[in-house]
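These notes concern the structure reproduced below.
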There are 2 protein chains.
Amino acid sequence: MTTTNGVNVDQLTETIDAIDDQPTAGQFRFYAETEWTDALHCVTTIDEFDQADERIQTREFRIEGDEPEEILGERTAPNAVELLLAALGSCLSVGYAANAAAMGIDLEGLRFEMDGDVDLRGFLGLEEEVRPGYEEITCTTYIESDAEADELAALRERVEATSPLIDSITNEVPIETELVVGHSA
Amino acid sequence: MTTTNGVNVDQLTETIDAIDDQPTAGQFRFYAETEWTDALHCVTTIDEFDQADERIQTREFRIEGDEPEEILGERTAPNAVELLLAALGSCLSVGYAANAAAMGIDLEGLRFEMDGDVDLRGFLGLEEEVRPGYEEITCTTYIESDAEADELAALRERVEATSPLIDSITNEVPIETELVVGHSA
């Protein structure tokens with residue numbers, strides 16, 4: 001078994017070949033369910049996904065949400081826009097570790113610092129010209145590696161071009177919503 | 001103190017007025033730092049943000065990331081695209097609870113089911129035409145409330161128009177990246 005950056009490279013190659021041969025094996029549907037608890041608190045549960053239309057049950061994860069006191073919450077958990085930065089960092093971490101393994105690049109350290117600006121007037125509906133979401137996000141990647149500079153530049157280019165979170169954030173993803181109303185007894 | 005949906009409505013009104021009077025009070029910068037640990041595992045820490053350029057230190061939150069076994073991980077934590085759905089649900093939860101409070105709508109229950117499709121060929125770089133991120137996201141909102149249908153429709157419209165996560169996902173957010181390389185001793 002060949003392992004680079006803790007990633008099993010043989011298994012990685014097999015997975016890539018299997019999806020290349022049979023693209024349906026690469027079709028995933030992910031799920032999450034968020035329940036509002038009180039005030040600005042909520043909890044999201046994640047415990048399943050589909051691969052090639054087949055449901056896969058997994059252990060359950062719980063992710064809490066809240067707002068800081070400055071935004072009327074109690075800071076019992078990160079808020080949604082902070083979770084988005086966490087998702088971006090998590091995505092880039094996988095992208096760098098896996099692609100470096102595929103390219104034979106040993107990483108000794110890998111860390112990401114992200115920040116982004118939000119003007120709360122958008123969320124509060126005070127200014128129509130102010131967008132509710134992030135105006136811009138900055139991400140600095142810190143790599144420790146003895147690989148050549150041009151190899152690391154190629155790694156960066158590959159990771160950024162294929163990152164699901166960079167794509168979802170920098171480009172448009174359609175969201176279809178539905179509202180189902182129930183009445184109390 | 002007037003409370004609707006657990007939200008202090010007086011404080012909500014004061015906060016909105018304060019930001020309307022002094023827009024800099026609504027300028028937030030959020031931060032997250034992700035550290036790769038091994039293979040496809042990482043941990044993100046969140047412990048501070050800025051309001052009006054002033055740093056506010058808070059308790060620290062840790063969010064772990066991993067991939068399922070089907071994507072070469074160990075399923076010790078949700079992956080990045082699942083975290084994105086959690087962020088969306090968390091955002092909508094705050095949006096519905098706060099806007100309903102501002103509109104005088106009592107909510108008895110509030111829940112969101114989200115899903116989204118990812119074709120892994122994009123992340124793996126197997127097909128240039130396949131995007132790495134979500135092709136589409138679906139979100140169903142379940143509300144329990146005795147409010148009138150047109151009030152709930154107005155609430156939904158307001159929430160969706162001002163949601164930071166709906167905006168960040170359905171529209172383009174620029175990401176500026178930088179790579180800093182260090183070498184081991």
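Ordering of the structure tokens sets the chain letters (A, B, ...); residue numbers start at 1 within each chain; ligands are numbered from 1 in the order shown.
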Quick one: residues within 10 Å of Gly125 of chain A, only C-alpha atoms counted, chain neighbours fewer than 5 positions away excluded, as an mmCIF file with N, CA, C and O atoms, in the first residue's frame?
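Contents of around_19.cif, freshly written:
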data_model
loop_
_atom_site.group_PDB
_atom_site.id
_atom_site.type_symbol
_atom_site.label_atom_id
_atom_site.label_comp_id
_atom_site.auth_asym_id
_atom_site.auth_seq_id
_atom_site.Cartn_x
_atom_site.Cartn_y
_atom_site.Cartn_z
ATOM 1 N N LEU A 120 -24.244 43.906 7.465
ATOM 2 C CA LEU A 120 -25.497 43.393 8.024
ATOM 3 C C LEU A 120 -26.733 44.147 7.506
ATOM 4 O O LEU A 120 -27.867 43.661 7.657
ATOM 5 N N VAL A 130 -27.147 46.737 -0.852
ATOM 6 C CA VAL A 130 -26.172 45.966 -0.086
ATOM 7 C C VAL A 130 -26.544 44.486 -0.145
ATOM 8 O O VAL A 130 -27.654 44.102 0.229
ATOM 9 N N ARG A 131 -25.633 43.651 -0.608
ATOM 10 C CA ARG A 131 -25.947 42.227 -0.704
ATOM 11 C C ARG A 131 -25.949 41.612 0.693
ATOM 12 O O ARG A 131 -25.165 41.997 1.563
ATOM 13 N N PRO A 132 -26.815 40.616 0.917
ATOM 14 C CA PRO A 132 -26.869 39.981 2.239
ATOM 15 C C PRO A 132 -25.658 39.089 2.524
ATOM 16 O O PRO A 132 -25.258 38.934 3.675
ATOM 17 N N ILE B 16 -31.557 47.144 14.749
ATOM 18 C CA ILE B 16 -31.819 47.607 13.380
ATOM 19 C C ILE B 16 -31.686 49.132 13.297
ATOM 20 O O ILE B 16 -31.036 49.668 12.391
ATOM 21 N N ARG B 158 -39.326 37.584 2.199
ATOM 22 C CA ARG B 158 -38.365 38.441 2.899
ATOM 23 C C ARG B 158 -37.114 37.644 3.302
ATOM 24 O O ARG B 158 -35.986 38.119 3.133
ATOM 25 N N VAL B 159 -37.343 36.460 3.834
ATOM 26 C CA VAL B 159 -36.209 35.631 4.276
ATOM 27 C C VAL B 159 -35.317 35.274 3.086
ATOM 28 O O VAL B 159 -34.097 35.413 3.142
ATOM 29 N N ALA B 161 -34.993 36.735 0.232
ATOM 30 C CA ALA B 161 -34.351 37.897 -0.407
ATOM 31 C C ALA B 161 -33.184 38.421 0.409
ATOM 32 O O ALA B 161 -32.316 39.124 -0.116
ATOM 33 N N THR B 162 -33.137 38.098 1.699
ATOM 34 C CA THR B 162 -32.105 38.675 2.579
ATOM 35 C C THR B 162 -31.213 37.615 3.223
ATOM 36 O O THR B 162 -30.466 37.932 4.145
ATOM 37 N N SER B 163 -31.275 36.405 2.749
ATOM 38 C CA SER B 163 -30.462 35.340 3.353
ATOM 39 C C SER B 163 -29.010 35.423 2.870
ATOM 40 O O SER B 163 -28.740 35.302 1.676
#
Subject >> Neighbour list for segment 170-176 of chain A as an MDAnalysis selection string, cut-off 12 Å, only C-alpha atoms, skip fewer than 4 positions in-chain >> reply: (chainID A and resid 88 134:138 160:161 163:166) or (chainID B and resid 84:85 88 113:118 131:141 160 165:176)
Original post:
In segment 85-145 of chain A, what's strand (DSSP E) per DSSP? Answer as a count of residues only?
Top reply: 19
Subject >> Ile105 of chain A environment, 12 Å, only C-alpha atoms, sequence neighbours closer than 2 positions dropped, as JSON, numbers by chain >> reply: {"A": [3, 4, 5, 6, 7, 9, 96, 97, 98, 99, 100, 101, 102, 103, 107, 108, 109, 143, 144, 145, 146, 147, 148, 149, 150, 151, 152, 153, 154, 155, 156]}
Subject >> Selection near segment 70-78 of chain B, 7 Å with only C-alpha atoms, sequence-local residues under 4 positions removed, as a list of chain:residue names >> reply: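 Selected residues are A:Leu12, A:Phe61, B:Leu40, B:Glu64, B:Gly65, B:Asp66, B:Glu82, B:Leu83.
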Restricting it to all heavy atoms, dump the selection as a short mmCIF file (atom, residue, chain, number, x, y, z; two decimals), in the first residue's frame.
data_model
loop_
_atom_site.label_atom_id
_atom_site.label_comp_id
_atom_site.auth_asym_id
_atom_site.auth_seq_id
_atom_site.Cartn_x
_atom_site.Cartn_y
_atom_site.Cartn_z
N LEU A 12 -6.96 5.55 -4.17
CA LEU A 12 -7.35 6.79 -4.87
C LEU A 12 -7.38 6.55 -6.37
O LEU A 12 -8.34 6.90 -7.06
CB LEU A 12 -6.34 7.90 -4.51
CG LEU A 12 -6.49 9.24 -5.22
CD1 LEU A 12 -7.84 9.89 -4.92
CD2 LEU A 12 -5.36 10.21 -4.80
N PHE A 61 -24.11 13.11 12.50
CA PHE A 61 -23.36 14.27 12.97
C PHE A 61 -24.33 15.39 13.28
O PHE A 61 -25.34 15.56 12.59
CB PHE A 61 -22.37 14.73 11.90
CG PHE A 61 -21.43 13.65 11.50
CD1 PHE A 61 -21.58 12.99 10.28
CD2 PHE A 61 -20.41 13.24 12.36
CE1 PHE A 61 -20.73 11.96 9.92
CE2 PHE A 61 -19.56 12.20 12.00
CZ PHE A 61 -19.71 11.56 10.79
N LEU B 40 -7.70 12.79 4.92
CA LEU B 40 -8.72 13.78 4.53
C LEU B 40 -9.38 14.42 5.75
O LEU B 40 -10.46 14.99 5.66
CB LEU B 40 -9.75 13.12 3.60
CG LEU B 40 -9.13 12.43 2.36
CD1 LEU B 40 -10.23 11.94 1.42
CD2 LEU B 40 -8.18 13.37 1.61
N GLU B 64 -15.04 19.68 12.75
CA GLU B 64 -14.19 18.71 12.07
C GLU B 64 -14.68 18.43 10.66
O GLU B 64 -15.87 18.59 10.36
CB GLU B 64 -14.14 17.41 12.86
CG GLU B 64 -13.39 17.59 14.17
CD GLU B 64 -13.16 16.28 14.89
OE1 GLU B 64 -12.82 15.29 14.23
OE2 GLU B 64 -13.31 16.29 16.13
N GLY B 65 -13.78 18.04 9.81
CA GLY B 65 -14.12 17.66 8.44
C GLY B 65 -13.48 16.34 8.08
O GLY B 65 -12.39 16.01 8.57
N ASP B 66 -14.14 15.58 7.25
CA ASP B 66 -13.61 14.30 6.74
C ASP B 66 -14.45 13.97 5.50
O ASP B 66 -15.37 14.70 5.15
CB ASP B 66 -13.77 13.21 7.81
CG ASP B 66 -12.95 11.94 7.50
OD1 ASP B 66 -12.28 11.90 6.47
OD2 ASP B 66 -13.02 11.00 8.31
N GLU B 82 -21.50 18.86 2.63
CA GLU B 82 -22.53 18.69 3.66
C GLU B 82 -22.54 19.88 4.62
O GLU B 82 -23.61 20.36 5.03
CB GLU B 82 -22.30 17.38 4.43
CG GLU B 82 -22.56 16.15 3.57
CD GLU B 82 -22.20 14.85 4.28
OE1 GLU B 82 -21.11 14.79 4.92
OE2 GLU B 82 -22.98 13.89 4.19
N LEU B 83 -21.35 20.38 4.95
CA LEU B 83 -21.27 21.58 5.81
C LEU B 83 -21.95 22.77 5.14
O LEU B 83 -22.55 23.61 5.82
CB LEU B 83 -19.81 21.94 6.11
CG LEU B 83 -19.10 21.22 7.25
CD1 LEU B 83 -17.68 21.78 7.38
CD2 LEU B 83 -19.86 21.42 8.57
#
Original post:
Could you pull the residues within 10 Å of Ala52 of chain A, counting only C-alpha atoms, minus those fewer than 4 positions along the same chain, as a VMD selection string?
Top reply: (chain A and resid 22 to 29) or (chain B and resid 119)
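Across the model, the gap from atom CA of Val180 of chain B to atom CA of Gly104 of chain A is 19.5 Å.
Using only C-alpha atoms, the smallest distance between any of A:Glu69, A:Gly95, A:Glu127, A:Ala80 and Thr15 of chain B comes from A:Glu69.
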Subject >> Pick from B:Cys91, B:Asp53, B:Glu67, B:Glu48 nearest to chain A, counting only C-alpha atoms >> reply: B:Cys91
